[in-house]
file start_20.txt (compact mmCIF, C-alpha atoms and all ligand atoms)
# COMPACT_ATOMS: atom_id res chain seq x y z
CA MET A 1 -25.45 15.70 -16.12
CA LYS A 2 -24.98 19.42 -15.55
CA THR A 3 -21.44 20.12 -16.69
CA LYS A 4 -21.83 23.51 -18.34
CA THR A 5 -20.47 25.44 -15.42
CA ALA A 6 -17.70 22.95 -14.55
CA VAL A 7 -14.21 24.40 -14.39
CA ILE A 8 -11.96 21.44 -13.76
CA SER A 9 -12.01 17.71 -14.34
CA ILE A 10 -10.05 15.00 -12.57
CA VAL A 11 -9.36 11.63 -14.20
CA GLY A 12 -8.96 8.90 -11.57
CA MET A 13 -11.23 9.01 -8.51
CA GLY A 14 -8.91 7.09 -6.19
CA TYR A 15 -7.33 8.42 -3.06
CA VAL A 16 -5.63 11.47 -4.55
CA GLY A 17 -8.25 12.26 -7.20
CA LEU A 18 -11.26 12.07 -4.91
CA CYS A 19 -9.69 14.04 -2.07
CA THR A 20 -8.52 16.66 -4.57
CA ALA A 21 -11.98 16.81 -6.14
CA ALA A 22 -13.76 17.13 -2.80
CA THR A 23 -11.48 19.92 -1.61
CA PHE A 24 -11.66 21.87 -4.89
CA ALA A 25 -15.46 21.61 -4.79
CA SER A 26 -15.51 22.65 -1.14
CA ARG A 27 -13.99 25.96 -2.25
CA GLY A 28 -16.71 26.55 -4.83
CA ILE A 29 -14.71 25.34 -7.82
CA ARG A 30 -16.93 23.19 -10.01
CA THR A 31 -15.34 19.80 -10.47
CA ILE A 32 -16.08 16.71 -12.54
CA GLY A 33 -14.59 13.46 -11.27
CA ILE A 34 -14.00 10.80 -13.92
CA ASP A 35 -13.24 7.13 -13.36
CA ILE A 36 -13.62 3.87 -15.27
CA ASP A 37 -14.90 2.12 -12.13
CA GLU A 38 -18.68 2.45 -12.42
CA ALA A 39 -19.45 1.27 -8.89
CA ARG A 40 -17.11 3.93 -7.52
CA ILE A 41 -18.75 6.62 -9.64
CA GLU A 42 -22.22 5.58 -8.49
CA GLN A 43 -21.13 5.83 -4.89
CA ILE A 44 -19.55 9.25 -5.35
CA ARG A 45 -22.67 10.55 -7.10
CA LYS A 46 -24.63 9.57 -4.02
CA GLY A 47 -22.20 11.60 -1.92
CA LYS A 48 -20.69 8.52 -0.30
CA ALA A 49 -16.92 8.17 -0.10
CA PRO A 50 -15.65 4.82 -1.43
CA LEU A 51 -12.61 5.09 0.86
CA HIS A 52 -12.09 6.02 4.46
CA GLU A 53 -10.53 9.41 5.08
CA PRO A 54 -11.35 11.83 7.90
CA GLN A 55 -13.65 14.70 6.77
CA LEU A 56 -14.11 13.26 3.28
CA ASP A 57 -17.65 11.92 3.71
CA GLY A 58 -19.14 15.20 4.91
CA MET A 59 -17.25 17.24 2.34
CA LEU A 60 -18.34 14.95 -0.47
CA LYS A 61 -21.98 14.92 0.58
CA ASN A 62 -22.00 18.71 0.72
CA ALA A 63 -20.27 19.13 -2.64
CA VAL A 64 -22.65 16.74 -4.41
CA LYS A 65 -25.68 18.37 -2.79
CA LYS A 66 -24.55 21.82 -3.93
CA LYS A 67 -23.85 20.41 -7.42
CA LEU A 68 -20.24 21.53 -7.18
CA LEU A 69 -19.00 17.98 -7.69
CA ASP A 70 -20.29 15.53 -10.25
CA ALA A 71 -18.89 12.13 -11.12
CA THR A 72 -19.03 10.19 -14.35
CA ASN A 73 -17.35 7.40 -16.30
CA ASP A 74 -17.72 9.42 -19.48
CA ILE A 75 -14.39 11.14 -20.13
CA SER A 76 -15.92 13.34 -22.83
CA SER A 77 -17.10 15.56 -19.94
CA ALA A 78 -13.49 16.68 -19.60
CA ALA A 79 -13.83 18.71 -22.80
CA GLU A 80 -16.37 20.94 -21.05
CA THR A 81 -13.78 22.02 -18.50
CA ASN A 82 -10.62 24.02 -19.08
CA THR A 83 -8.21 22.01 -16.93
CA THR A 84 -7.89 18.25 -16.46
CA PHE A 85 -5.85 16.63 -13.70
CA LEU A 86 -4.57 13.08 -14.24
CA THR A 87 -4.63 11.21 -10.92
CA VAL A 88 -4.61 7.58 -12.05
CA GLY A 89 -2.43 5.01 -10.33
CA THR A 90 1.24 4.53 -11.21
CA PRO A 91 2.11 1.26 -9.41
CA SER A 92 5.58 -0.25 -9.32
CA GLN A 93 6.19 -3.33 -11.41
CA GLN A 94 7.95 -6.44 -10.08
CA ASN A 95 11.31 -5.21 -11.33
CA GLY A 96 10.77 -1.88 -9.53
CA SER A 97 10.09 0.15 -12.65
CA ILE A 98 6.95 2.28 -12.94
CA ASP A 99 3.83 0.90 -14.65
CA LEU A 100 2.51 3.65 -16.91
CA ALA A 101 -0.37 1.63 -18.36
CA TYR A 102 -3.06 3.66 -16.56
CA ILE A 103 -1.39 6.94 -17.47
CA LYS A 104 -1.14 5.92 -21.13
CA ASN A 105 -4.79 4.81 -21.32
CA ALA A 106 -6.12 7.87 -19.51
CA THR A 107 -3.98 10.24 -21.60
CA GLU A 108 -5.07 8.61 -24.83
CA ASP A 109 -8.75 8.70 -23.85
CA LEU A 110 -8.42 12.35 -22.88
CA GLY A 111 -6.58 13.25 -26.09
CA ASN A 112 -9.31 11.63 -28.21
CA VAL A 113 -11.89 13.72 -26.40
CA LEU A 114 -9.88 16.94 -26.81
CA ARG A 115 -9.45 16.36 -30.55
CA GLU A 116 -12.64 18.24 -31.40
CA LYS A 117 -12.44 20.78 -28.57
CA ARG A 118 -12.06 24.41 -29.49
CA GLY A 119 -9.97 26.57 -27.21
CA TYR A 120 -7.06 26.00 -24.90
CA HIS A 121 -7.04 23.04 -22.51
CA LEU A 122 -4.56 22.42 -19.71
CA VAL A 123 -3.58 18.87 -18.75
CA VAL A 124 -1.96 18.44 -15.35
CA VAL A 125 -0.10 15.28 -14.34
CA LYS A 126 -0.69 14.92 -10.61
CA SER A 127 0.16 11.21 -10.50
CA THR A 128 3.64 10.37 -9.27
CA VAL A 129 5.77 9.69 -12.35
CA VAL A 130 9.50 9.32 -12.97
CA PRO A 131 11.29 12.40 -14.36
CA GLY A 132 10.75 12.71 -18.09
CA THR A 133 7.31 11.04 -18.15
CA THR A 134 5.26 14.23 -18.57
CA ASN A 135 7.41 15.59 -21.40
CA GLY A 136 7.91 12.07 -22.81
CA THR A 137 5.10 9.51 -22.62
CA VAL A 138 2.27 11.88 -21.65
CA LYS A 139 3.17 14.52 -24.23
CA ARG A 140 3.53 11.92 -26.98
CA PHE A 141 0.25 10.14 -26.22
CA LEU A 142 -1.62 13.41 -25.78
CA GLU A 143 -0.38 15.00 -29.00
CA GLN A 144 -0.96 11.84 -31.03
CA SER A 145 -4.49 11.19 -29.79
CA SER A 146 -5.64 14.83 -29.85
CA ASN A 147 -3.81 15.76 -33.04
CA LYS A 148 -2.89 19.00 -31.26
CA THR A 149 0.38 20.50 -30.14
CA ILE A 150 1.48 21.11 -26.57
CA GLY A 151 2.29 24.78 -26.18
CA SER A 152 -0.37 26.12 -28.52
CA GLU A 153 -3.79 24.47 -28.16
CA LEU A 154 -2.80 22.32 -25.21
CA GLY A 155 -0.93 23.08 -22.00
CA LEU A 156 0.89 20.43 -20.00
CA CYS A 157 2.14 20.63 -16.41
CA ALA A 158 3.53 18.26 -13.81
CA ASN A 159 2.05 19.04 -10.40
CA PRO A 160 2.98 16.31 -7.89
CA GLU A 161 0.82 15.58 -4.87
CA PHE A 162 2.29 15.49 -1.36
CA LEU A 163 -0.80 14.57 0.68
CA LYS A 164 -0.72 11.48 2.88
CA GLU A 165 -3.42 8.98 3.60
CA GLY A 166 -5.07 9.55 6.96
CA SER A 167 -4.75 13.34 6.76
CA ALA A 168 -5.41 13.78 3.04
CA ILE A 169 -8.19 16.38 3.32
CA ASN A 170 -6.31 18.48 5.82
CA ASP A 171 -3.14 18.18 3.72
CA ALA A 172 -5.00 19.22 0.57
CA LEU A 173 -6.55 22.21 2.34
CA HIS A 174 -3.26 23.29 3.94
CA PRO A 175 -0.34 22.15 1.77
CA ASP A 176 3.20 23.25 2.65
CA LYS A 177 3.89 24.03 -0.98
CA ILE A 178 2.58 23.66 -4.52
CA VAL A 179 5.02 22.59 -7.22
CA VAL A 180 4.13 23.63 -10.76
CA GLY A 181 6.37 22.08 -13.41
CA SER A 182 5.74 23.56 -16.83
CA ASN A 183 7.36 24.23 -20.18
CA ASP A 184 5.70 27.55 -20.82
CA LYS A 185 4.26 30.57 -19.07
CA ARG A 186 0.66 30.11 -20.20
CA SER A 187 0.17 26.69 -18.61
CA ALA A 188 1.98 27.71 -15.40
CA THR A 189 -0.13 30.86 -15.15
CA GLN A 190 -3.41 28.99 -15.64
CA LEU A 191 -2.55 26.42 -12.98
CA THR A 192 -1.25 28.99 -10.51
CA ARG A 193 -4.38 31.09 -11.05
CA LEU A 194 -6.53 28.05 -10.26
CA TYR A 195 -4.64 27.48 -7.02
CA ARG A 196 -4.95 31.17 -6.18
CA GLN A 197 -8.71 30.83 -6.62
CA PHE A 198 -8.60 27.80 -4.34
CA TYR A 199 -6.44 29.17 -1.54
CA GLY A 200 -7.05 32.92 -1.81
CA SER A 201 -4.88 34.84 0.63
CA LYS A 202 -3.68 31.53 2.13
CA LEU A 203 -1.91 30.44 -1.05
CA PRO A 204 1.13 28.37 0.04
CA PRO A 205 4.53 28.90 -1.61
CA VAL A 206 4.27 28.03 -5.31
CA ILE A 207 7.50 26.59 -6.66
CA LEU A 208 7.77 27.03 -10.42
CA SER A 209 10.03 24.57 -12.18
CA SER A 210 10.45 22.38 -15.22
CA PRO A 211 8.21 19.28 -15.40
CA GLU A 212 11.28 17.09 -14.79
CA ALA A 213 12.25 18.97 -11.62
CA ALA A 214 8.65 18.74 -10.37
CA GLU A 215 8.60 15.01 -11.02
CA LEU A 216 11.95 14.46 -9.30
CA VAL A 217 11.15 16.54 -6.22
CA LYS A 218 8.26 14.16 -5.42
CA TYR A 219 10.58 11.13 -5.50
CA ALA A 220 13.26 13.05 -3.62
CA SER A 221 10.73 14.00 -0.92
CA ASN A 222 9.56 10.39 -0.57
CA ALA A 223 13.16 9.19 -0.37
CA PHE A 224 14.05 11.90 2.14
CA LEU A 225 11.11 11.01 4.39
CA ALA A 226 12.01 7.31 4.20
CA THR A 227 15.62 8.18 5.02
CA LYS A 228 14.52 10.20 8.05
CA VAL A 229 12.33 7.38 9.35
CA SER A 230 15.09 4.86 8.83
CA PHE A 231 17.65 7.19 10.46
CA ILE A 232 15.59 7.91 13.56
CA ASN A 233 14.73 4.20 13.89
CA THR A 234 18.45 3.45 13.98
CA ILE A 235 18.98 6.16 16.59
CA ALA A 236 16.01 4.76 18.56
CA ASN A 237 17.62 1.31 18.59
CA ILE A 238 20.81 2.82 20.01
CA ALA A 239 18.88 5.03 22.46
CA GLN A 240 16.98 2.04 23.83
CA GLN A 241 20.24 0.55 25.03
CA ILE A 242 21.28 3.68 26.91
CA PRO A 243 19.41 4.27 30.19
CA GLY A 244 17.65 7.64 30.46
CA VAL A 245 17.79 8.49 26.76
CA ASP A 246 14.48 9.37 25.08
CA VAL A 247 14.53 9.23 21.29
CA GLY A 248 11.58 11.67 20.96
CA THR A 249 13.52 14.36 22.79
CA MET A 250 16.58 13.54 20.66
CA ALA A 251 14.59 14.02 17.47
CA GLU A 252 13.13 17.34 18.61
CA THR A 253 16.57 18.52 19.65
CA ILE A 254 18.04 17.71 16.25
CA GLY A 255 15.19 19.66 14.64
CA LEU A 256 16.06 22.79 16.64
CA ASP A 257 18.57 24.05 14.12
CA ALA A 258 19.11 27.79 14.29
CA ASN A 259 21.67 27.73 11.47
CA ARG A 260 18.98 26.42 9.11
CA ARG A 261 21.03 23.47 7.95
CA ILE A 262 18.06 21.15 8.41
CA VAL A 263 15.10 23.41 7.67
CA PRO A 264 14.74 26.47 5.40
CA GLU A 265 14.48 30.09 6.60
CA SER A 266 10.71 30.22 6.68
CA TRP A 267 10.22 26.98 8.59
CA THR A 268 9.10 27.41 12.17
CA GLY A 269 8.17 23.85 13.17
CA ILE A 270 10.00 20.67 14.02
CA TRP A 271 10.40 18.00 11.40
CA TRP A 272 10.35 14.75 13.29
N1 LIG B 301 -2.40 7.56 -2.14
C1 LIG B 301 -1.53 8.44 -1.72
O1 LIG B 301 -1.34 8.66 -0.52
C2 LIG B 301 -0.73 9.25 -2.71
C3 LIG B 301 -0.06 10.41 -2.27
C4 LIG B 301 0.64 11.18 -3.21
C5 LIG B 301 0.70 10.77 -4.53
N2 LIG B 301 0.07 9.62 -4.93
C6 LIG B 301 0.15 9.27 -6.35
O2 LIG B 301 -1.08 9.69 -6.97
C7 LIG B 301 -1.47 8.77 -8.00
C8 LIG B 301 -2.84 8.20 -7.69
O3 LIG B 301 -2.75 7.46 -6.49
P1 LIG B 301 -4.05 6.91 -5.75
O4 LIG B 301 -3.58 6.34 -4.47
O5 LIG B 301 -5.11 7.94 -5.76
O6 LIG B 301 -4.47 5.71 -6.77
P2 LIG B 301 -5.73 4.76 -6.70
O7 LIG B 301 -5.29 3.44 -7.21
O8 LIG B 301 -6.39 4.86 -5.35
O9 LIG B 301 -6.76 5.40 -7.74
C9 LIG B 301 -6.57 5.42 -9.10
C10 LIG B 301 -7.95 5.54 -9.76
O10 LIG B 301 -7.77 5.73 -11.17
C11 LIG B 301 -8.80 5.03 -11.84
N3 LIG B 301 -8.39 4.82 -13.24
C12 LIG B 301 -7.46 3.98 -13.74
N4 LIG B 301 -7.40 4.11 -15.08
C13 LIG B 301 -8.30 5.06 -15.44
C14 LIG B 301 -8.67 5.65 -16.67
N5 LIG B 301 -8.11 5.27 -17.83
N6 LIG B 301 -9.63 6.59 -16.67
C15 LIG B 301 -10.21 6.98 -15.51
N7 LIG B 301 -9.89 6.47 -14.30
C16 LIG B 301 -8.94 5.52 -14.26
C17 LIG B 301 -8.96 3.75 -11.04
O11 LIG B 301 -10.20 3.12 -11.28
C18 LIG B 301 -8.83 4.28 -9.61
O12 LIG B 301 -10.06 4.63 -9.05
C19 LIG B 301 -0.35 7.72 -8.05
O13 LIG B 301 0.60 8.11 -9.00
C20 LIG B 301 0.24 7.78 -6.65
O14 LIG B 301 1.59 7.35 -6.62
C21 LIG B 301 -0.65 8.86 -4.06
call {"tool": "encode", "arguments": {"input": "start_20.txt", "output": "structure tokens", "more": "lines below"}}
Ligand SMILES: NC(=O)c1ccc[n+]([C@@H]2O[C@H](COP(=O)([O-])OP(=O)(O)OC[C@H]3O[C@@H](n4cnc5c(N)ncnc54)[C@H](O)[C@@H]3O)[C@@H](O)[C@H]2O)c1
result
Amino acid sequence: MKTKTAVISIVGMGYVGLCTAATFASRGIRTIGIDIDEARIEQIRKGKAPLHEPQLDGMLKNAVKKKLLDATNDISSAAETNTTFLTVGTPSQQNGSIDLAYIKNATEDLGNVLREKRGYHLVVVKSTVVPGTTNGTVKRFLEQSSNKTIGSELGLCANPEFLKEGSAINDALHPDKIVVGSNDKRSATQLTRLYRQFYGSKLPPVILSSPEAAELVKYASNAFLATKVSFINTIANIAQQIPGVDVGTMAETIGLDANRRIVPESWTGIWW
């Protein structure tokens, strides 16, 4: 496998990882996708998307053909890149708490690989994790398995993903914002520089924060969106009982908020 020129690696070729990999590669950034699922890797290497998402197939085929995207189940390839994104699943357990088993395994595997690496390596937690996970579990597992220290030989950032299934490629190409949660300037600078390379003059607002704030804003966004859906459904139920009232128009009217109580200064669209 040609990995010499690779710049980034992504561990977990599921929805988020694969769409992220395809879009990075589409902008000329060499990307290695890593997954433990061999069938999935085989498919990706053939340029075939293992999941349905508009634009993904063509983008993937192109990236593989141009050798900008390679896929492997060998995590040691990550050492040949300078930044690794963790995009493994973080499912909820029956009691509602987060299952960090995939994160722990992936972090440990990565740390073992980085043990012998010379030079700085940035690890970016893109999976959705509860506040404190990056600086807690991930940091602990990474430092133990690599025998290195975060802040000197290793960088660690939380960088939540806001794309949604069904428009994932478009969302990844045109995000509203990028949240970079870091403990130090070096890791934040490296990640921001990577996004600047990706988006060029169309770089969206980059919000710099602590890892914990980055982790929380993802949950807060999800909760806010769920609240909005639930709210407008309640209004729709009321509207249905009143002749001549259209809930779509109601929603758009609420969104027209000149005093910016609902949307920030720079926002020009309607939320609903
Ligand atoms: N799907 C979405 O719309 C979406 C949007 C935003 C954020 N997220 C978050 O992003 C994360 C990933 O979600 P997803 O939907 O892409 O998950 P997914 O289940 O589709 O994919 C996870 C992938 O990780 C692989 N994996 C598991 N352990 C591994 C290991 N040790 N090494 C290498 N690969 C491994 C699995 O084989 C799988 O292919 C989750 O935290 C999720 O909450 C998802």
call {"tool": "residues_around", "arguments": {"input": "start_20.txt", "residues": "Leu203 in chain A", "least_positions_apart": "3", "cutoff": "10 Å", "atoms": "all atoms listed in the file", "output": "PyMOL selection string"}}
result
chain A and resi 174-178+192+195-200+206
call {"tool": "closest_residue", "arguments": {"input": "start_20.txt", "among": "A:Thr31, A:Asn170, A:Thr72, A:Thr87", "to": "ligand LIG 301 (chain B)", "atoms": "only C-alpha atoms and all ligand atoms"}}
result
A:Thr87
call {"tool": "residues_around", "arguments": {"input": "start_20.txt", "residues": "Gly136 in chain A", "least_positions_apart": "4", "cutoff": "12 Å", "atoms": "only C-alpha atoms", "output": "list in words"}}
result
Leu100, Ile103, Lys104, Val129, Val130, Pro131, Gly132, Arg140, Phe141, Leu142, Glu143, Ile150, Leu156, Ala158, Pro211 and Glu212 of chain A
call {"tool": "residues_near_ligand", "arguments": {"input": "start_20.txt", "ligand": "ligand LIG 301 (chain B)", "cutoff": "6 Å", "atoms": "all atoms listed in the file", "output": "mmCIF file with C-alpha atoms, in the frame of the given file"}}
result
data_model
loop_
_atom_site.group_PDB
_atom_site.id
_atom_site.type_symbol
_atom_site.label_atom_id
_atom_site.label_comp_id
_atom_site.auth_asym_id
_atom_site.auth_seq_id
_atom_site.Cartn_x
_atom_site.Cartn_y
_atom_site.Cartn_z
ATOM 1 C CA VAL A 11 -9.360 11.630 -14.200
ATOM 2 C CA GLY A 12 -8.960 8.900 -11.570
ATOM 3 C CA MET A 13 -11.230 9.010 -8.510
ATOM 4 C CA GLY A 14 -8.910 7.090 -6.190
ATOM 5 C CA TYR A 15 -7.330 8.420 -3.060
ATOM 6 C CA VAL A 16 -5.630 11.470 -4.550
ATOM 7 C CA GLY A 17 -8.250 12.260 -7.200
ATOM 8 C CA ILE A 34 -14.000 10.800 -13.920
ATOM 9 C CA ASP A 35 -13.240 7.130 -13.360
ATOM 10 C CA ILE A 36 -13.620 3.870 -15.270
ATOM 11 C CA ASP A 37 -14.900 2.120 -12.130
ATOM 12 C CA THR A 87 -4.630 11.210 -10.920
ATOM 13 C CA VAL A 88 -4.610 7.580 -12.050
ATOM 14 C CA GLY A 89 -2.430 5.010 -10.330
ATOM 15 C CA THR A 90 1.240 4.530 -11.210
ATOM 16 C CA TYR A 102 -3.060 3.660 -16.560
ATOM 17 C CA ASN A 105 -4.790 4.810 -21.320
ATOM 18 C CA ALA A 106 -6.120 7.870 -19.510
ATOM 19 C CA SER A 127 0.160 11.210 -10.500
ATOM 20 C CA THR A 128 3.640 10.370 -9.270
ATOM 21 C CA GLU A 161 0.820 15.580 -4.870
ATOM 22 C CA PHE A 162 2.290 15.490 -1.360
ATOM 23 C CA LEU A 163 -0.800 14.570 0.680
ATOM 24 C CA LYS A 164 -0.720 11.480 2.880
ATOM 25 C CA GLU A 165 -3.420 8.980 3.600
#
call {"tool": "closest_residue", "arguments": {"input": "start_20.txt", "among": "A:Gly151, A:Pro54, A:Gly33, A:Pro160", "to": "Tyr219 in chain A", "atoms": "only C-alpha atoms"}}
result
A:Pro160
call {"tool": "axis_aligned_box", "arguments": {"input": "start_20.txt", "around": "range 116-122 of chain A", "padding_each_side": "6 Å", "output": "JSON"}}
result
{"center_x": -8.6, "center_y": 22.4, "center_z": -25.6, "size_x": 20.1, "size_y": 20.3, "size_z": 23.7}
call {"tool": "residues_around", "arguments": {"input": "start_20.txt", "residues": "Val123 in chain A", "least_positions_apart": "5", "cutoff": "9 Å", "atoms": "all atoms listed in the file", "output": "short mmCIF file (atom, residue, chain, number, x, y, z; two decimals) with C-alpha atoms, in the coordinates of the input"}}
result
data_model
loop_
_atom_site.label_atom_id
_atom_site.label_comp_id
_atom_site.auth_asym_id
_atom_site.auth_seq_id
_atom_site.Cartn_x
_atom_site.Cartn_y
_atom_site.Cartn_z
CA ASN A 82 -10.62 24.02 -19.08
CA THR A 83 -8.21 22.01 -16.93
CA THR A 84 -7.89 18.25 -16.46
CA PHE A 85 -5.85 16.63 -13.70
CA LEU A 86 -4.57 13.08 -14.24
CA LEU A 154 -2.80 22.32 -25.21
CA GLY A 155 -0.93 23.08 -22.00
CA LEU A 156 0.89 20.43 -20.00
CA CYS A 157 2.14 20.63 -16.41
CA ALA A 158 3.53 18.26 -13.81
CA SER A 187 0.17 26.69 -18.61
#
call {"tool": "closest_residue", "arguments": {"input": "start_20.txt", "among": "A:Gly255, A:Glu215, A:Asp246, A:Pro50", "to": "Lys228 in chain A", "atoms": "all atoms listed in the file"}}
result
A:Gly255
call {"tool": "atom_distance", "arguments": {"input": "start_20.txt", "atom1": "CA of Ile8 in chain A", "atom2": "CA of Ser92 in chain A"}}
result
28.2 Å
call {"tool": "atom_distance", "arguments": {"input": "start_20.txt", "atom1": "CA of Ile98 in chain A", "atom2": "CA of Leu194 in chain A"}}
result
29.2 Å
call {"tool": "atom_distance", "arguments": {"input": "start_20.txt", "atom1": "CA of Gln190 in chain A", "atom2": "CA of Asp74 in chain A"}}
result
24.5 Å
call {"tool": "residues_around", "arguments": {"input": "start_20.txt", "residues": "Glu116 in chain A", "least_positions_apart": "6", "cutoff": "10 Å", "atoms": "only C-alpha atoms", "output": "list in words"}}
result
Ala79, Ser146, Asn147 and Lys148 of chain A
call {"tool": "residues_around", "arguments": {"input": "start_20.txt", "residues": "Lys65 in chain A", "least_positions_apart": "6", "cutoff": "10 Å", "atoms": "all atoms listed in the file", "output": "count of residues only"}}
result
4
call {"tool": "residues_near_point", "arguments": {"input": "start_20.txt", "point": "(-10.6, 18.8, -4.6)", "cutoff": "10 Å", "atoms": "only C-alpha atoms", "output": "number ranges by chain"}}
result
A: 8-10, 16-33, 59-60, 63, 69, 169, 172-173, 198
call {"tool": "decode", "arguments": {"input": "start_20.txt", "residues": "range 54-73 of chain A", "atoms": "N, CA and C atoms", "output": "compact mmCIF listing (two decimals), in the first residue's frame"}}
result
# COMPACT_ATOMS: atom_id res chain seq x y z
N PRO A 54 -25.98 10.15 -0.86
CA PRO A 54 -25.84 10.88 -2.11
C PRO A 54 -24.42 11.43 -2.31
N GLN A 55 -23.91 11.30 -3.50
CA GLN A 55 -22.58 11.78 -3.94
C GLN A 55 -21.41 10.92 -3.46
N LEU A 56 -21.63 10.05 -2.50
CA LEU A 56 -20.49 9.33 -1.91
C LEU A 56 -19.84 8.39 -2.90
N ASP A 57 -20.64 7.62 -3.64
CA ASP A 57 -20.09 6.63 -4.57
C ASP A 57 -19.10 7.25 -5.55
N GLY A 58 -19.54 8.30 -6.22
CA GLY A 58 -18.70 8.95 -7.23
C GLY A 58 -17.44 9.52 -6.61
N MET A 59 -17.60 10.14 -5.47
CA MET A 59 -16.47 10.78 -4.78
C MET A 59 -15.43 9.73 -4.37
N LEU A 60 -15.95 8.61 -3.88
CA LEU A 60 -15.08 7.53 -3.42
C LEU A 60 -14.31 6.92 -4.58
N LYS A 61 -15.03 6.64 -5.65
CA LYS A 61 -14.43 6.04 -6.84
C LYS A 61 -13.28 6.93 -7.34
N ASN A 62 -13.55 8.21 -7.41
CA ASN A 62 -12.58 9.17 -7.89
C ASN A 62 -11.35 9.23 -6.98
N ALA A 63 -11.60 9.25 -5.67
CA ALA A 63 -10.51 9.36 -4.69
C ALA A 63 -9.62 8.12 -4.73
N VAL A 64 -10.23 6.96 -4.86
CA VAL A 64 -9.45 5.72 -4.91
C VAL A 64 -8.64 5.68 -6.20
N LYS A 65 -9.28 6.05 -7.30
CA LYS A 65 -8.61 6.05 -8.60
C LYS A 65 -7.39 6.97 -8.59
N LYS A 66 -7.53 8.13 -7.96
CA LYS A 66 -6.42 9.10 -7.92
C LYS A 66 -5.42 8.78 -6.81
N LYS A 67 -5.66 7.67 -6.11
CA LYS A 67 -4.80 7.23 -5.01
C LYS A 67 -4.73 8.27 -3.87
N LEU A 68 -5.79 9.03 -3.73
CA LEU A 68 -5.85 9.99 -2.63
C LEU A 68 -6.48 9.34 -1.40
N LEU A 69 -7.19 8.25 -1.61
CA LEU A 69 -7.79 7.53 -0.48
C LEU A 69 -7.42 6.06 -0.57
N ASP A 70 -6.86 5.56 0.54
CA ASP A 70 -6.60 4.13 0.62
C ASP A 70 -7.29 3.61 1.88
N ALA A 71 -7.59 2.34 1.89
CA ALA A 71 -8.26 1.77 3.06
C ALA A 71 -7.54 0.51 3.49
N THR A 72 -7.50 0.29 4.78
CA THR A 72 -6.76 -0.86 5.31
C THR A 72 -7.33 -1.27 6.68
N ASN A 73 -7.06 -2.52 7.06
CA ASN A 73 -7.40 -2.91 8.44
C ASN A 73 -6.15 -2.91 9.32
